[in-house]
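Working notes, beginning with the structure itself.
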Amino acid sequence: MLYNDKESRKIFLQGSVRLGVTKYIKLLGLTLGVIALNIVVFSRGFIGIEIGRNALSSAIGVTFLVASAITLTYGCYRFLFKAPAVLPVKEIKTHDDYVEALSRFRRIKVLEEDIGLALRQLERLQKKRSTLLEVLKQRFDPAELSYKKFASVIHEVEKLFYLNVRSILNRLLTFDASEFESVSGRKPSPLPPELLQARKNVYGEYLSFTKQSLGTNEEILLKLDQLMLEISRLDSLEPGDIDSMPCMREIDTLIKQTQYYKN
């Protein structure tokens, strides 16, 4: 089990609850839509279809009721029982998308600590972003140039953070856990030592890249903490002074270095 600490388990459960609530909301919307259509079709104040009045009216009424039942049955299956389709990495956009995508790897033993850390980092980013924007609103008017400059930097940092998570997911999609087990030394292998070592090196690169990306994201979270501290100390600030703030310079360097590495 991946979540061997309370914080990681809580984060995953929160994501699962949000996804579950969304499904029930969609099902409720479908149900209310079907009910509304039935009211329109069978109410005398609207279309006024009556079963038993004549052959045509009965046929239409029965057909509509059957269609309504089929729609609700399919809706229940789709929203409550059907396994969600795996979202391609390039289509992942929201926080919950990233949580769900990472959670698919939570039962791979060799990845459990890294995935747990990645999920905690996602949750921490959300909290820090919300707190930073709230601090900015207290210090500056949203229409001010200073506010817009800080908000733009926070947005760029957030994009960089999710870019790292996206890169991790791209590599994990090609990670074969059973293959890793066969070359990890935990089970006897018939492969020649040289080939076995070469394959170990390949899987070592997977793990190394994941840890490197997580390390970069941890550094991003630290920079956001430092930025929050520097903003809280400000009494007055001209827009031109923002770029000279120590933390802003460090964040700018981090963004440039990481973008260069990604390219």
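For the structure tokens, the naming scheme is as follows: chains receive sequential letters (A, B, ...) according to their order of presentation, residues are indexed from 1 within each chain, and ligands are indexed from 1 in presentation order.
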Name all residues at most 7 Å from segment 223-229 of chain A (count only C-alpha atoms; drop same-chain ones fewer than 6 positions away) and give them as a list in words. Leu132, Cys247 and Ile251 of chain A
For each of A:Ile108, A:Ile168, A:Ala118, A:Ile154, take the minimum atom-to-atom distance to Ser208 of chain A, counting only C-alpha atoms, then give the residue where this is smallest.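 The closest residue to Ser208 of chain A is A:Ile168.
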List every residue of segment 116-231 of chain A that DSSP, applied to the backbone of this structure, assigns to alpha helix (DSSP H), and report them as a ChimeraX atom specification. /A:116-139,145-172,177-183,193-231
Of the candidates A:Tyr98, A:Tyr147, A:Phe175, A:Phe209, which one gets nearest to Gln121 of chain A if we count only C-alpha atoms?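 Nearest to Gln121 of chain A: A:Tyr98.
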Ile255 of chain A: which residues within 12 Å, counting only C-alpha atoms, same-chain residues fewer than 3 positions away excluded, as a PyMOL selection string? chain A and resi 153-161+163-164+216-217+219-220+223+248-252+258-262
Please write the residues from the selection above to a file, keeping C-alpha atoms, as a compact mmCIF listing (two decimals), in the first residue's frame.
# COMPACT_ATOMS: atom_id res chain seq x y z
CA VAL A 153 5.64 34.92 -11.57
CA ILE A 154 3.49 32.66 -9.38
CA HIS A 155 1.68 31.45 -12.50
CA GLU A 156 4.98 30.71 -14.28
CA VAL A 157 6.28 28.81 -11.26
CA GLU A 158 3.06 26.79 -11.12
CA LYS A 159 3.41 25.93 -14.83
CA LEU A 160 6.99 24.79 -14.24
CA PHE A 161 5.89 22.64 -11.31
CA LEU A 163 5.65 20.50 -16.25
CA ASN A 164 7.88 18.46 -13.95
CA THR A 216 13.17 20.47 -8.48
CA ASN A 217 9.55 20.70 -7.36
CA GLU A 219 12.94 23.59 -4.55
CA ILE A 220 10.03 25.40 -6.20
CA LYS A 223 11.09 29.39 -3.29
CA MET A 248 12.53 36.83 -7.45
CA ARG A 249 16.01 36.57 -8.95
CA GLU A 250 16.38 33.01 -7.67
CA ILE A 251 12.98 32.03 -9.07
CA ASP A 252 13.83 33.56 -12.44
CA THR A 258 14.78 24.14 -15.86
CA GLN A 259 13.34 25.28 -19.18
CA TYR A 260 16.80 24.95 -20.71
CA TYR A 261 17.12 21.44 -19.26
CA LYS A 262 13.68 20.44 -20.57
So the first atom is atom CA of Ser213 of chain A and the second is atom CA of Ser130 of chain A; what is the distance between them in Å, to one decimal place?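 Here the two named atoms are 22.8 Å from each other.
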Which one of A:Val89, A:Ala151, A:Ile231, A:Leu119 sits closest to Arg171 of chain A if you count only C-alpha atoms?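 For Arg171 of chain A, the nearest of the given residues is A:Val89.
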Ile242 of chain A surroundings by only C-alpha atoms, 9 Å radius, close-in-sequence under 6 positions cut, as an MDAnalysis selection string: chainID A and resid 146 149:150 248
Shortest interatomic distance to Ser57 of chain A - which of A:Val165, A:Val41, A:Leu27, A:Leu125, counting only C-alpha atoms: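 For Ser57 of chain A, the nearest of the candidates is A:Val41.
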Nearest residue to Ile39 of chain A from the set A:Phe64, A:Tyr206, A:Tyr24, A:Tyr77 (distances using only C-alpha atoms):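 The shortest atom-to-atom distance to Ile39 of chain A comes from A:Phe64.
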What gap, in Å, lies between atom CA of Leu169 of chain A and atom CA of Leu133 of chain A?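 For atom CA of Leu169 of chain A relative to atom CA of Leu133 of chain A, the distance reads 28.0 Å.
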